[in-house]
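Containing mmCIF, C-alpha atoms: my_file_7.cif.
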data_my_file
#
loop_
_atom_site.label_atom_id
_atom_site.label_comp_id
_atom_site.auth_asym_id
_atom_site.auth_seq_id
_atom_site.Cartn_x
_atom_site.Cartn_y
_atom_site.Cartn_z
CA MET A 1 55.55 -17.86 57.06
CA GLU A 2 57.30 -18.79 60.29
CA PHE A 3 59.18 -21.91 61.20
CA ILE A 4 57.25 -23.97 63.75
CA ASP A 5 59.17 -25.82 66.42
CA TYR A 6 57.01 -28.93 66.74
CA TYR A 7 59.14 -30.25 69.60
CA LYS A 8 58.39 -27.08 71.52
CA VAL A 9 54.69 -27.37 70.68
CA LEU A 10 54.58 -30.85 72.25
CA GLY A 11 56.98 -29.83 75.03
CA ILE A 12 59.44 -32.63 74.31
CA ASP A 13 63.15 -33.05 73.69
CA LYS A 14 64.51 -33.52 70.16
CA LYS A 15 65.71 -36.97 71.19
CA ALA A 16 62.22 -38.03 72.32
CA GLY A 17 61.15 -41.51 71.25
CA THR A 18 57.87 -42.54 69.65
CA ALA A 19 56.30 -43.46 72.98
CA GLU A 20 57.26 -40.12 74.50
CA ILE A 21 55.83 -38.22 71.54
CA LYS A 22 52.59 -40.16 71.74
CA LYS A 23 52.35 -39.58 75.46
CA ALA A 24 52.97 -35.83 75.12
CA TYR A 25 50.46 -35.58 72.29
CA ARG A 26 47.75 -37.46 74.19
CA LYS A 27 48.29 -35.35 77.28
CA LEU A 28 47.94 -32.09 75.35
CA ALA A 29 45.04 -33.42 73.25
CA ARG A 30 43.15 -34.16 76.46
CA THR A 31 43.64 -30.57 77.52
CA TYR A 32 42.76 -28.85 74.26
CA HIS A 33 40.30 -31.24 72.57
CA PRO A 34 37.43 -29.14 71.08
CA ASP A 35 34.81 -31.31 72.76
CA LEU A 36 36.32 -30.49 76.12
CA ASN A 37 36.60 -26.78 75.39
CA PRO A 38 33.25 -25.58 74.05
CA ASN A 39 33.29 -22.03 72.66
CA ASP A 40 37.05 -21.68 73.12
CA SER A 41 38.73 -20.64 69.88
CA GLU A 42 42.15 -20.38 71.55
CA ALA A 43 41.92 -24.05 72.61
CA GLU A 44 40.87 -24.97 69.08
CA ARG A 45 43.91 -23.15 67.62
CA LYS A 46 46.19 -24.87 70.10
CA PHE A 47 44.62 -28.24 69.33
CA LYS A 48 45.28 -27.79 65.62
CA GLN A 49 48.89 -26.97 66.44
CA ILE A 50 49.53 -30.04 68.59
CA ASN A 51 47.73 -32.20 66.07
CA GLU A 52 50.03 -30.91 63.37
CA ALA A 53 53.09 -31.48 65.56
CA ASN A 54 51.98 -35.05 66.16
CA GLU A 55 51.32 -35.53 62.47
CA VAL A 56 54.95 -34.68 61.74
CA LEU A 57 56.83 -36.07 64.73
CA GLY A 58 54.63 -39.15 65.02
CA ASP A 59 55.51 -40.19 61.48
CA SER A 60 59.10 -41.39 61.10
CA GLU A 61 59.50 -40.19 57.50
CA LYS A 62 58.06 -36.74 58.09
CA ARG A 63 60.06 -36.40 61.27
CA LYS A 64 63.24 -37.31 59.42
CA LYS A 65 62.61 -34.64 56.83
CA TYR A 66 61.69 -32.10 59.47
CA ASP A 67 64.80 -32.90 61.51
CA THR A 68 67.05 -32.84 58.44
CA TYR A 69 66.03 -29.44 57.16
CA GLY A 70 64.77 -27.75 60.32
CA LYS A 71 64.89 -24.00 59.84
CA ASP A 72 66.06 -24.45 56.24
CA TRP A 73 62.70 -25.97 55.41
CA GLN A 74 62.17 -23.46 52.58
CA HIS A 75 64.97 -25.18 50.63
CA ALA A 76 63.81 -28.67 51.49
CA ASP A 77 62.13 -29.33 48.18
CA THR A 78 65.21 -28.35 46.18
CA PHE A 79 67.39 -30.61 48.31
CA GLU A 80 64.89 -33.41 47.98
CA LYS A 81 64.81 -33.14 44.18
CA GLN A 82 68.58 -33.15 43.94
CA ARG A 83 68.85 -36.11 46.29
CA GLY A 84 66.02 -37.93 44.54
CA ALA A 85 67.71 -37.52 41.15
CA GLY A 86 70.96 -38.94 42.51
CA LYS A 87 69.20 -41.87 44.06
CA GLN A 88 67.18 -42.58 40.94
CA ALA A 89 70.43 -43.07 39.10
CA GLY A 90 71.27 -45.66 41.69
CA GLY A 91 67.93 -47.32 41.28
CA SER A 92 66.22 -46.09 44.45
CA GLY A 93 63.36 -43.61 44.85
CA GLY A 94 63.09 -40.77 47.33
CA TYR A 95 60.18 -40.23 49.66
CA THR A 96 56.86 -41.42 48.35
CA TYR A 97 53.54 -40.40 49.79
CA SER A 98 50.06 -41.41 48.93
CA GLY A 99 47.07 -39.12 48.73
CA GLY A 100 44.91 -38.22 51.67
CA GLU A 101 41.99 -36.16 52.92
CA GLY A 102 41.42 -32.42 53.14
CA THR A 103 43.64 -30.56 55.53
CA ASP A 104 43.68 -27.95 58.20
CA PHE A 105 47.38 -27.43 58.68
CA SER A 106 49.59 -24.37 58.96
CA ASP A 107 51.24 -22.78 55.94
CA PHE A 108 54.54 -24.09 57.28
CA PHE A 109 53.26 -27.66 57.22
CA GLU A 110 51.70 -27.26 53.77
CA SER A 111 54.91 -25.82 52.42
CA MET A 112 57.15 -28.52 53.85
CA PHE A 113 54.96 -31.56 53.41
CA GLY A 114 52.68 -30.47 50.62
CA GLY A 115 49.57 -30.69 52.78
CA ALA A 116 47.42 -33.75 52.99
CA GLY A 117 48.80 -35.08 49.71
CA PHE A 118 52.02 -35.86 51.49
CA ARG A 119 50.68 -38.55 53.76
CA SER A 120 52.70 -41.66 54.34
CA GLY A 121 49.72 -43.93 54.54
CA ARG A 122 49.38 -43.65 58.32
CA GLN A 123 45.70 -43.38 59.16
CA GLN A 124 44.68 -39.78 59.58
CA VAL A 125 42.43 -39.01 62.50
CA ARG A 126 39.52 -36.76 61.59
CA TYR A 127 38.08 -34.53 64.22
CA ARG A 128 34.57 -33.30 64.23
CA GLY A 129 34.19 -29.52 64.50
CA GLN A 130 33.45 -27.75 67.72
CA ASP A 131 29.85 -27.57 68.90
CA TYR A 132 28.55 -24.04 69.28
CA ASN A 133 26.18 -22.99 72.03
CA ALA A 134 23.79 -20.08 71.86
CA THR A 135 20.96 -18.85 74.05
CA LEU A 136 17.75 -17.36 72.74
CA GLN A 137 15.59 -15.31 75.04
CA LEU A 138 11.87 -15.29 74.33
CA PRO A 139 8.89 -13.84 76.18
CA LEU A 140 6.37 -16.48 77.25
CA ARG A 141 3.76 -14.97 74.94
CA GLU A 142 5.93 -15.78 71.92
CA ILE A 143 5.80 -19.52 72.44
CA LEU A 144 2.04 -19.72 71.97
CA LYS A 145 2.49 -20.75 68.36
CA THR A 146 5.24 -22.30 66.26
CA ASP A 147 7.42 -19.60 64.83
CA LYS A 148 10.30 -19.29 62.39
CA ARG A 149 13.24 -17.03 63.13
CA THR A 150 16.49 -16.07 61.50
CA LEU A 151 19.42 -16.02 63.89
CA THR A 152 22.88 -14.72 63.18
CA ILE A 153 25.46 -17.08 64.65
CA ASN A 154 29.13 -16.29 64.06
CA GLY A 155 28.20 -14.08 61.12
CA LYS A 156 26.00 -16.67 59.43
CA ASN A 157 22.25 -16.43 59.15
CA ILE A 158 20.43 -19.57 60.23
CA ARG A 159 16.68 -19.97 59.91
CA ILE A 160 15.22 -22.07 62.68
CA THR A 161 11.75 -23.23 63.65
CA ILE A 162 10.78 -22.68 67.26
CA PRO A 163 8.09 -25.20 68.17
CA ALA A 164 5.19 -23.83 70.20
CA GLY A 165 5.36 -24.65 73.90
CA ILE A 166 9.14 -24.87 74.12
CA GLU A 167 10.34 -25.10 77.70
CA ASP A 168 12.55 -22.69 79.58
CA GLY A 169 16.07 -24.14 79.51
CA GLN A 170 15.25 -26.54 76.67
CA THR A 171 17.92 -27.03 74.04
CA ILE A 172 17.45 -27.80 70.37
CA VAL A 173 20.24 -29.05 68.14
CA ILE A 174 20.86 -27.73 64.64
CA LYS A 175 23.06 -30.33 63.03
CA GLY A 176 26.11 -29.25 61.07
CA HIS A 177 25.98 -25.57 62.05
CA GLY A 178 28.89 -25.70 64.50
CA GLY A 179 32.59 -25.18 63.86
CA GLU A 180 34.48 -26.58 60.89
CA GLY A 181 35.84 -30.10 61.29
CA LEU A 182 39.56 -30.72 61.58
CA GLN A 183 41.38 -32.69 58.93
CA GLY A 184 38.29 -33.29 56.86
CA GLY A 185 36.10 -34.17 59.83
CA PRO A 186 32.42 -33.20 59.82
CA LYS A 187 31.15 -29.88 61.12
CA GLY A 188 30.01 -29.57 64.73
CA ASP A 189 26.44 -28.87 65.78
CA LEU A 190 24.74 -25.75 67.03
CA TYR A 191 22.96 -26.03 70.38
CA ILE A 192 20.34 -23.38 71.04
CA THR A 193 19.09 -23.10 74.60
CA PHE A 194 15.88 -21.20 75.17
CA SER A 195 15.47 -18.82 78.02
CA ILE A 196 11.75 -18.11 78.40
CA GLU A 197 11.05 -14.88 80.23
CA ASN A 198 7.79 -14.90 82.11
CA SER A 199 6.34 -11.59 83.23
CA THR A 200 2.71 -12.57 82.60
CA GLY A 201 1.55 -13.24 86.14
CA PHE A 202 0.88 -16.86 85.20
CA GLU A 203 3.11 -19.51 86.67
CA ARG A 204 4.12 -22.21 84.27
CA GLU A 205 4.54 -25.91 84.85
CA LYS A 206 5.17 -27.57 81.50
CA ALA A 207 2.04 -26.79 79.47
CA ASN A 208 -0.14 -25.90 82.47
CA LEU A 209 -0.56 -22.37 83.76
CA TYR A 210 -1.45 -21.28 87.27
CA THR A 211 -2.76 -17.99 88.53
CA SER A 212 -4.85 -16.56 91.33
CA VAL A 213 -7.60 -14.04 90.95
CA GLN A 214 -9.13 -11.60 93.43
CA VAL A 215 -12.88 -12.11 93.94
CA PRO A 216 -15.07 -9.49 95.67
CA LEU A 217 -16.65 -10.83 98.87
CA THR A 218 -20.18 -10.29 97.62
CA THR A 219 -19.51 -12.21 94.38
CA ALA A 220 -18.05 -15.08 96.37
CA VAL A 221 -21.06 -15.19 98.71
CA LEU A 222 -23.84 -14.59 96.24
CA GLY A 223 -22.24 -15.98 93.10
CA GLY A 224 -21.63 -14.04 89.91
CA GLU A 225 -19.19 -13.48 87.09
CA ILE A 226 -15.70 -12.08 86.84
CA LEU A 227 -13.49 -11.44 83.84
CA LEU A 228 -9.98 -12.86 83.62
CA GLU A 229 -7.36 -11.73 81.12
CA THR A 230 -5.57 -14.87 79.88
CA LEU A 231 -2.72 -15.18 77.39
CA ASN A 232 -5.32 -15.84 74.69
CA GLY A 233 -7.79 -13.09 75.56
CA LYS A 234 -10.49 -12.46 78.14
CA VAL A 235 -12.41 -15.30 79.75
CA LYS A 236 -15.63 -14.98 81.74
CA LEU A 237 -15.61 -17.00 84.96
CA THR A 238 -18.89 -17.92 86.63
CA LEU A 239 -18.71 -18.33 90.40
CA LYS A 240 -21.20 -20.43 92.28
CA PRO A 241 -22.80 -18.85 95.34
CA GLU A 242 -20.81 -19.45 98.55
CA THR A 243 -17.52 -19.93 96.75
CA GLN A 244 -14.84 -20.51 99.37
CA ASN A 245 -11.49 -18.74 99.59
CA GLY A 246 -8.75 -20.80 97.94
CA THR A 247 -11.14 -22.65 95.63
CA ARG A 248 -9.28 -23.81 92.53
CA VAL A 249 -10.91 -24.24 89.16
CA LYS A 250 -9.50 -25.67 85.98
CA LEU A 251 -10.06 -24.22 82.53
CA LYS A 252 -9.33 -27.14 80.26
CA GLY A 253 -7.20 -26.38 77.23
CA LYS A 254 -6.54 -22.77 78.22
CA GLY A 255 -2.88 -23.39 79.10
CA LEU A 256 0.11 -23.40 76.78
CA PRO A 257 0.47 -25.52 73.66
CA VAL A 258 1.99 -28.92 74.39
CA TYR A 259 5.49 -29.10 72.88
CA LYS A 260 5.46 -30.85 69.51
CA LYS A 261 1.87 -32.07 69.93
CA GLU A 262 -0.14 -30.04 67.54
CA GLY A 263 -3.65 -29.15 68.68
CA GLN A 264 -2.98 -30.15 72.29
CA PHE A 265 -2.96 -27.61 75.07
CA GLY A 266 -2.37 -27.64 78.79
CA ASP A 267 -4.86 -26.38 81.33
CA LEU A 268 -5.23 -23.12 83.20
CA TYR A 269 -5.68 -23.42 86.96
CA ILE A 270 -7.23 -20.47 88.77
CA THR A 271 -7.28 -20.03 92.52
CA TYR A 272 -9.89 -17.66 93.91
CA GLN A 273 -8.70 -15.25 96.55
CA ILE A 274 -11.60 -13.56 98.22
CA SER A 275 -10.90 -9.94 99.08
CA ILE A 276 -12.11 -8.58 102.34
CA PRO A 277 -13.51 -5.13 101.63
CA SER A 278 -11.88 -2.10 103.23
CA GLY A 279 -12.93 1.53 103.64
CA LEU A 280 -16.57 0.62 104.38
CA THR A 281 -19.17 3.33 104.66
CA GLU A 282 -21.29 3.62 107.80
CA LYS A 283 -24.22 2.08 105.93
CA GLN A 284 -22.15 -0.92 104.84
CA LYS A 285 -20.85 -1.41 108.37
CA SER A 286 -24.38 -1.28 109.65
CA LEU A 287 -25.45 -3.95 107.15
CA PHE A 288 -22.60 -6.19 108.27
CA ARG A 289 -23.70 -5.71 111.89
CA GLU A 290 -27.19 -6.74 110.85
CA LEU A 291 -25.70 -9.82 109.25
CA GLU A 292 -23.79 -10.52 112.44
CA GLN A 293 -27.06 -10.51 114.35
CA THR A 294 -28.29 -13.36 112.18
CA ASN A 295 -25.58 -15.63 113.64
CA LEU A 296 -24.00 -15.96 110.21
CA LYS A 297 -21.19 -18.53 110.25
CA MET B 298 7.09 -37.60 70.73
CA GLY B 299 10.74 -37.47 69.64
CA ARG B 300 12.37 -40.09 67.39
CA TYR B 301 14.23 -43.04 68.86
CA ILE B 302 17.35 -44.75 67.64
CA ARG B 303 18.06 -48.46 67.98
CA ILE B 304 21.22 -49.11 69.96
CA LYS B 305 22.10 -51.96 67.63
CA GLU B 306 22.01 -49.60 64.64
CA PHE B 307 24.00 -46.90 66.40
CA CYS B 308 26.71 -49.35 67.43
CA LYS B 309 26.86 -50.92 63.98
CA SER B 310 27.24 -47.61 62.17
CA HIS B 311 29.85 -46.36 64.65
CA GLU B 312 31.60 -49.74 64.86
CA ILE B 313 31.47 -49.87 68.63
CA GLU B 314 30.52 -52.63 71.03
CA GLU B 315 27.02 -52.38 72.48
CA SER B 316 28.54 -52.81 75.92
CA PHE B 317 30.00 -49.30 75.58
CA VAL B 318 26.51 -47.78 75.38
CA TYR B 319 25.19 -49.95 78.22
CA CYS B 320 28.14 -48.92 80.34
CA LEU B 321 27.27 -45.26 79.79
CA GLN B 322 23.71 -46.05 80.82
CA GLU B 323 25.01 -47.50 84.10
CA PHE B 324 26.64 -44.17 84.80
CA GLU B 325 23.35 -42.44 83.90
CA VAL B 326 25.03 -40.60 81.05
CA ILE B 327 22.29 -41.73 78.65
CA ARG B 328 18.82 -43.19 79.10
CA ILE B 329 17.89 -46.40 77.33
CA GLN B 330 14.31 -47.48 76.77
CA ILE B 331 13.09 -50.94 75.88
CA ARG B 332 10.23 -51.12 73.40
CA ASN B 333 9.11 -54.32 71.72
CA ASP B 334 12.24 -56.03 73.04
CA GLU B 335 14.45 -53.44 71.38
CA ALA B 336 16.83 -51.12 73.20
CA LEU B 337 16.44 -47.52 72.04
CA PHE B 338 17.56 -44.06 72.99
CA ASP B 339 16.06 -40.67 72.26
CA GLU B 340 17.38 -38.93 69.16
CA ALA B 341 17.99 -35.83 71.26
CA GLU B 342 20.73 -37.76 73.08
CA LEU B 343 22.58 -38.58 69.86
CA PRO B 344 24.93 -35.54 69.73
CA GLY B 345 25.95 -36.10 73.35
CA LEU B 346 26.53 -39.79 72.78
CA GLU B 347 28.60 -39.11 69.67
CA LYS B 348 30.67 -36.60 71.59
CA LEU B 349 31.42 -39.18 74.30
CA LEU B 350 32.30 -41.73 71.66
CA ARG B 351 34.78 -39.29 70.12
CA LEU B 352 36.37 -38.63 73.48
CA HIS B 353 36.57 -42.37 74.11
CA ARG B 354 38.23 -43.06 70.79
CA GLU B 355 40.41 -40.02 70.31
CA LEU B 356 41.58 -39.52 73.86
CA ASP B 357 41.31 -43.07 75.24
CA ILE B 358 38.93 -42.01 77.99
CA ASN B 359 37.21 -44.95 79.65
CA PRO B 360 33.49 -44.88 80.59
CA GLU B 361 34.28 -43.87 84.19
CA GLY B 362 36.26 -40.94 82.84
CA LEU B 363 33.49 -40.07 80.40
CA HIS B 364 31.06 -39.94 83.28
CA ALA B 365 33.27 -37.41 85.07
CA VAL B 366 33.91 -35.44 81.86
CA ASN B 367 30.20 -35.30 81.09
CA HIS B 368 29.41 -34.05 84.57
CA LEU B 369 32.10 -31.36 84.44
CA LEU B 370 31.08 -30.25 80.94
CA SER B 371 27.49 -29.77 82.14
CA LYS B 372 28.79 -27.66 85.01
CA LEU B 373 30.96 -25.69 82.60
CA GLU B 374 27.99 -25.02 80.34
CA GLN B 375 25.91 -23.89 83.32
CA LEU B 376 28.67 -21.54 84.44
CA GLN B 377 29.17 -20.18 80.92
CA GLU B 378 25.45 -19.52 80.72
CA GLU B 379 25.50 -17.83 84.13
CA VAL B 380 28.40 -15.61 83.06
CA ARG B 381 26.56 -14.75 79.86
CA MET B 382 23.39 -13.80 81.75
CA LEU B 383 25.40 -11.72 84.23
CA LYS B 384 27.11 -9.90 81.37
CA VAL B 385 23.70 -9.11 79.89
CA LYS B 386 22.54 -7.79 83.28
CA ILE B 387 25.67 -5.68 83.71
CA ASN B 388 25.21 -4.19 80.25
CA ARG B 389 21.58 -3.42 81.04
CA LEU B 390 22.58 -1.69 84.28
CA LYS B 391 25.28 0.28 82.47
CA GLN B 392 22.80 1.42 79.84
CA GLY B 393 19.96 2.11 82.25
#
Rewrite the structure of this file - the entire thing - as structure tokens.
Amino acid sequence: MEFIDYYKVLGIDKKAGTAEIKKAYRKLARTYHPDLNPNDSEAERKFKQINEANEVLGDSEKRKKYDTYGKDWQHADTFEKQRGAGKQAGGSGGYTYSGGEGTDFSDFFESMFGGAGFRSGRQQVRYRGQDYNATLQLPLREILKTDKRTLTINGKNIRITIPAGIEDGQTIVIKGHGGEGLQGGPKGDLYITFSIENSTGFEREKANLYTSVQVPLTTAVLGGEILLETLNGKVKLTLKPETQNGTRVKLKGKGLPVYKKEGQFGDLYITYQISIPSGLTEKQKSLFRELEQTNLK
Amino acid sequence: MGRYIRIKEFCKSHEIEESFVYCLQEFEVIRIQIRNDEALFDEAELPGLEKLLRLHRELDINPEGLHAVNHLLSKLEQLQEEVRMLKVKINRLKQG
């Protein structure tokens, strides 16, 4: 167990006054506060250290004890007992401390001040634990229905429900699964951001899907049927005769599930792209010429 | 539809003036909705609001400062995410 120079931790002189200590503490706390340093364990460690330094130097009684024994802190208790016994004879007690909350201090602090039980009654500030952030990548096809998954975050297994229709970039919060609180504070939260990978050929806009489909010229002119592979299986599309290029049709309810609205689905929009045939045979060319003669427009 | 929290209740349980929340709304840090004459905010905004409240109390950061902090934290998160994605890509390229 090493001696900790709390003055050095706060970057102040041993003669520093209360105001100077407070100022130094606040300045460092602003730099290393867990809320300002997400996913930074080094900042969290540093924050605990400056918090501990403030706990000692910001309290006149603890500071006095710390200053008196300094590097001889291991003998502090013996000295205290001897001094306390002498004073009792004279009718005066030694240091008295009331109970407090759970603690997150160094071994040095615990050894010298007996941990949280050594509080002088000054209100202890509790700090909520750090929030954790994680990203979960999912293919678009896996958001078609609500699913449960077990994730391993910082060595702990967490079972989460992924609601159908979750958006790309959307974040869900799992309360109390972040870092441990400081000085008895509550745990932080876990933020899971979803990254939805889309390699389906369907463009997504919230719950609606968009795609374009190639239609043979003859089907567009004469009407007919084509098959389209959707995320939920094949769908037969019926084209009216003389369907124009760029015509858009809507298949109601064939889009993605609407987030957290059970039984509701978006729509699928299909744009027809009429393909101009290539590699025509002589006979086909001749038929087109015949068509041309009819002043077809 | 997500759940909504009454601003009055939030402020009472956190022992903070309602003006603090309205001030954050002015800076577009949170969105407040009025329903049946009651001011509410989406439950999803609760962790963010609690974080700002902690920063306000523990570090004496005023609402203007919280606005700046919030903005910079969002940027930080974006950058962290970008770094993470790039690392994944680099690893894929190394493996492939």
Counting only C-alpha atoms, which residues of chain B come no farther than 9 Å from chain A, as a ChimeraX atom specification? /B:298-299,341,344,348-349,351-352,355-357,366,370,373-374,378
Once the PyMOL selection byres ((chain B and resi 324) around 12) has been applied to the shown file, what residues remain in the selection, as a PyMOL selection string? chain B and resi 317-323+325-329+359-368
Could you save the residues just selected, with C-alpha atoms, as a short mmCIF file (atom, residue, chain, number, x, y, z; two decimals), in the frame of the given file?
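Now in selection36.cif:
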data_model
loop_
_atom_site.label_atom_id
_atom_site.label_comp_id
_atom_site.auth_asym_id
_atom_site.auth_seq_id
_atom_site.Cartn_x
_atom_site.Cartn_y
_atom_site.Cartn_z
CA PHE B 317 30.00 -49.30 75.58
CA VAL B 318 26.51 -47.78 75.38
CA TYR B 319 25.19 -49.95 78.22
CA CYS B 320 28.14 -48.92 80.34
CA LEU B 321 27.27 -45.26 79.79
CA GLN B 322 23.71 -46.05 80.82
CA GLU B 323 25.01 -47.50 84.10
CA GLU B 325 23.35 -42.44 83.90
CA VAL B 326 25.03 -40.60 81.05
CA ILE B 327 22.29 -41.73 78.65
CA ARG B 328 18.82 -43.19 79.10
CA ILE B 329 17.89 -46.40 77.33
CA ASN B 359 37.21 -44.95 79.65
CA PRO B 360 33.49 -44.88 80.59
CA GLU B 361 34.28 -43.87 84.19
CA GLY B 362 36.26 -40.94 82.84
CA LEU B 363 33.49 -40.07 80.40
CA HIS B 364 31.06 -39.94 83.28
CA ALA B 365 33.27 -37.41 85.07
CA VAL B 366 33.91 -35.44 81.86
CA ASN B 367 30.20 -35.30 81.09
CA HIS B 368 29.41 -34.05 84.57
#
Take the PyMOL selection byres ((chain A and resi 6) around 12), apply it to the structure above, and return the hits as a PDB file with C-alpha atoms, keeping the file's coordinate frame.
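Saved file result29.pdb follows:
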ATOM      1  CA  PHE A   3      59.180 -21.910  61.200  1.00  0.00           C
ATOM      2  CA  ILE A   4      57.250 -23.970  63.750  1.00  0.00           C
ATOM      3  CA  ASP A   5      59.170 -25.820  66.420  1.00  0.00           C
ATOM      4  CA  TYR A   7      59.140 -30.250  69.600  1.00  0.00           C
ATOM      5  CA  LYS A   8      58.390 -27.080  71.520  1.00  0.00           C
ATOM      6  CA  VAL A   9      54.690 -27.370  70.680  1.00  0.00           C
ATOM      7  CA  LEU A  10      54.580 -30.850  72.250  1.00  0.00           C
ATOM      8  CA  GLY A  11      56.980 -29.830  75.030  1.00  0.00           C
ATOM      9  CA  ILE A  12      59.440 -32.630  74.310  1.00  0.00           C
ATOM     10  CA  ASP A  13      63.150 -33.050  73.690  1.00  0.00           C
ATOM     11  CA  LYS A  14      64.510 -33.520  70.160  1.00  0.00           C
ATOM     12  CA  ALA A  16      62.220 -38.030  72.320  1.00  0.00           C
ATOM     13  CA  ILE A  21      55.830 -38.220  71.540  1.00  0.00           C
ATOM     14  CA  ALA A  24      52.970 -35.830  75.120  1.00  0.00           C
ATOM     15  CA  TYR A  25      50.460 -35.580  72.290  1.00  0.00           C
ATOM     16  CA  LYS A  48      45.280 -27.790  65.620  1.00  0.00           C
ATOM     17  CA  GLN A  49      48.890 -26.970  66.440  1.00  0.00           C
ATOM     18  CA  ILE A  50      49.530 -30.040  68.590  1.00  0.00           C
ATOM     19  CA  ASN A  51      47.730 -32.200  66.070  1.00  0.00           C
ATOM     20  CA  GLU A  52      50.030 -30.910  63.370  1.00  0.00           C
ATOM     21  CA  ALA A  53      53.090 -31.480  65.560  1.00  0.00           C
ATOM     22  CA  ASN A  54      51.980 -35.050  66.160  1.00  0.00           C
ATOM     23  CA  GLU A  55      51.320 -35.530  62.470  1.00  0.00           C
ATOM     24  CA  VAL A  56      54.950 -34.680  61.740  1.00  0.00           C
ATOM     25  CA  LEU A  57      56.830 -36.070  64.730  1.00  0.00           C
ATOM     26  CA  GLY A  58      54.630 -39.150  65.020  1.00  0.00           C
ATOM     27  CA  LYS A  62      58.060 -36.740  58.090  1.00  0.00           C
ATOM     28  CA  ARG A  63      60.060 -36.400  61.270  1.00  0.00           C
ATOM     29  CA  TYR A  66      61.690 -32.100  59.470  1.00  0.00           C
ATOM     30  CA  ASP A  67      64.800 -32.900  61.510  1.00  0.00           C
ATOM     31  CA  GLY A  70      64.770 -27.750  60.320  1.00  0.00           C
ATOM     32  CA  LYS A  71      64.890 -24.000  59.840  1.00  0.00           C
ATOM     33  CA  SER A 106      49.590 -24.370  58.960  1.00  0.00           C
ATOM     34  CA  PHE A 108      54.540 -24.090  57.280  1.00  0.00           C
ATOM     35  CA  PHE A 109      53.260 -27.660  57.220  1.00  0.00           C
TER      36      PHE A 109
END
Find the residues with any atom within 9 Å of (0.6, -17.6, 88.8); use all atoms listed in the file and the coordinates as given in the file, and write the answer as an MDAnalysis selection string. chainID A and resid 200:204 209:212 269:270
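Across the structure, CA of Ile166 in chain A and CA of Ile143 in chain A are spaced 6.5 Å apart.
In this structure, CA of Val221 in chain A sits 20.1 Å away from CA of Lys250 in chain A.
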To test your reading of the syntax: which residues would the PyMOL selection byres ((chain B and resi 304-306) around 8) return for the file shown? Reply as a PyMOL selection string. chain B and resi 302-303+307-310+315+318+336-338
Can you work out which one of A:Gly184, A:Leu190, A:Glu44, A:Gly279 has the shortest atom-to-atom distance to Leu151 in chain A, counting all atoms listed in the file?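 That would be A:Leu190, the residue with the smallest distance to Leu151 in chain A.
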Can you work out which one of A:Leu136, A:Lys283, A:Phe288, A:Ala19 has the shortest atom-to-atom distance to Ile153 in chain A, counting all atoms listed in the file? A:Leu136
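Minimum atom-to-atom distance to Arg248 in chain A, evaluated using all atoms listed in the file, belongs to A:Gln273 out of A:Thr294, A:Ser286, A:Gln273, A:Thr230.
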Where atoms are lacking, range 316-326 of chain B completed to N, CA and C atoms, as a PDB file, in the coordinates of the input:
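Output (part.pdb):
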ATOM      1  N   SER B 316      28.239 -52.933  74.485  1.00  0.00           N
ATOM      2  CA  SER B 316      28.540 -52.810  75.920  1.00  0.00           C
ATOM      3  C   SER B 316      28.978 -51.399  76.286  1.00  0.00           C
ATOM      4  N   PHE B 317      29.563 -50.678  75.324  1.00  0.00           N
ATOM      5  CA  PHE B 317      30.000 -49.300  75.580  1.00  0.00           C
ATOM      6  C   PHE B 317      28.783 -48.435  75.940  1.00  0.00           C
ATOM      7  N   VAL B 318      27.715 -48.582  75.148  1.00  0.00           N
ATOM      8  CA  VAL B 318      26.510 -47.780  75.380  1.00  0.00           C
ATOM      9  C   VAL B 318      25.853 -48.177  76.711  1.00  0.00           C
ATOM     10  N   TYR B 319      25.813 -49.498  76.973  1.00  0.00           N
ATOM     11  CA  TYR B 319      25.190 -49.950  78.220  1.00  0.00           C
ATOM     12  C   TYR B 319      25.986 -49.477  79.441  1.00  0.00           C
ATOM     13  N   CYS B 320      27.284 -49.386  79.252  1.00  0.00           N
ATOM     14  CA  CYS B 320      28.140 -48.920  80.340  1.00  0.00           C
ATOM     15  C   CYS B 320      27.830 -47.446  80.648  1.00  0.00           C
ATOM     16  N   LEU B 321      27.599 -46.676  79.584  1.00  0.00           N
ATOM     17  CA  LEU B 321      27.270 -45.260  79.790  1.00  0.00           C
ATOM     18  C   LEU B 321      25.910 -45.130  80.479  1.00  0.00           C
ATOM     19  N   GLN B 322      25.026 -46.087  80.166  1.00  0.00           N
ATOM     20  CA  GLN B 322      23.710 -46.050  80.820  1.00  0.00           C
ATOM     21  C   GLN B 322      23.874 -46.290  82.333  1.00  0.00           C
ATOM     22  N   GLU B 323      24.774 -47.217  82.677  1.00  0.00           N
ATOM     23  CA  GLU B 323      25.010 -47.500  84.100  1.00  0.00           C
ATOM     24  C   GLU B 323      25.433 -46.243  84.850  1.00  0.00           C
ATOM     25  N   PHE B 324      26.182 -45.407  84.165  1.00  0.00           N
ATOM     26  CA  PHE B 324      26.640 -44.170  84.800  1.00  0.00           C
ATOM     27  C   PHE B 324      25.629 -43.035  84.612  1.00  0.00           C
ATOM     28  N   GLU B 325      24.457 -43.403  84.109  1.00  0.00           N
ATOM     29  CA  GLU B 325      23.350 -42.440  83.900  1.00  0.00           C
ATOM     30  C   GLU B 325      23.743 -41.297  82.964  1.00  0.00           C
ATOM     31  N   VAL B 326      24.638 -41.611  82.032  1.00  0.00           N
ATOM     32  CA  VAL B 326      25.030 -40.600  81.050  1.00  0.00           C
ATOM     33  C   VAL B 326      23.987 -40.555  79.929  1.00  0.00           C
TER      34      VAL B 326
END
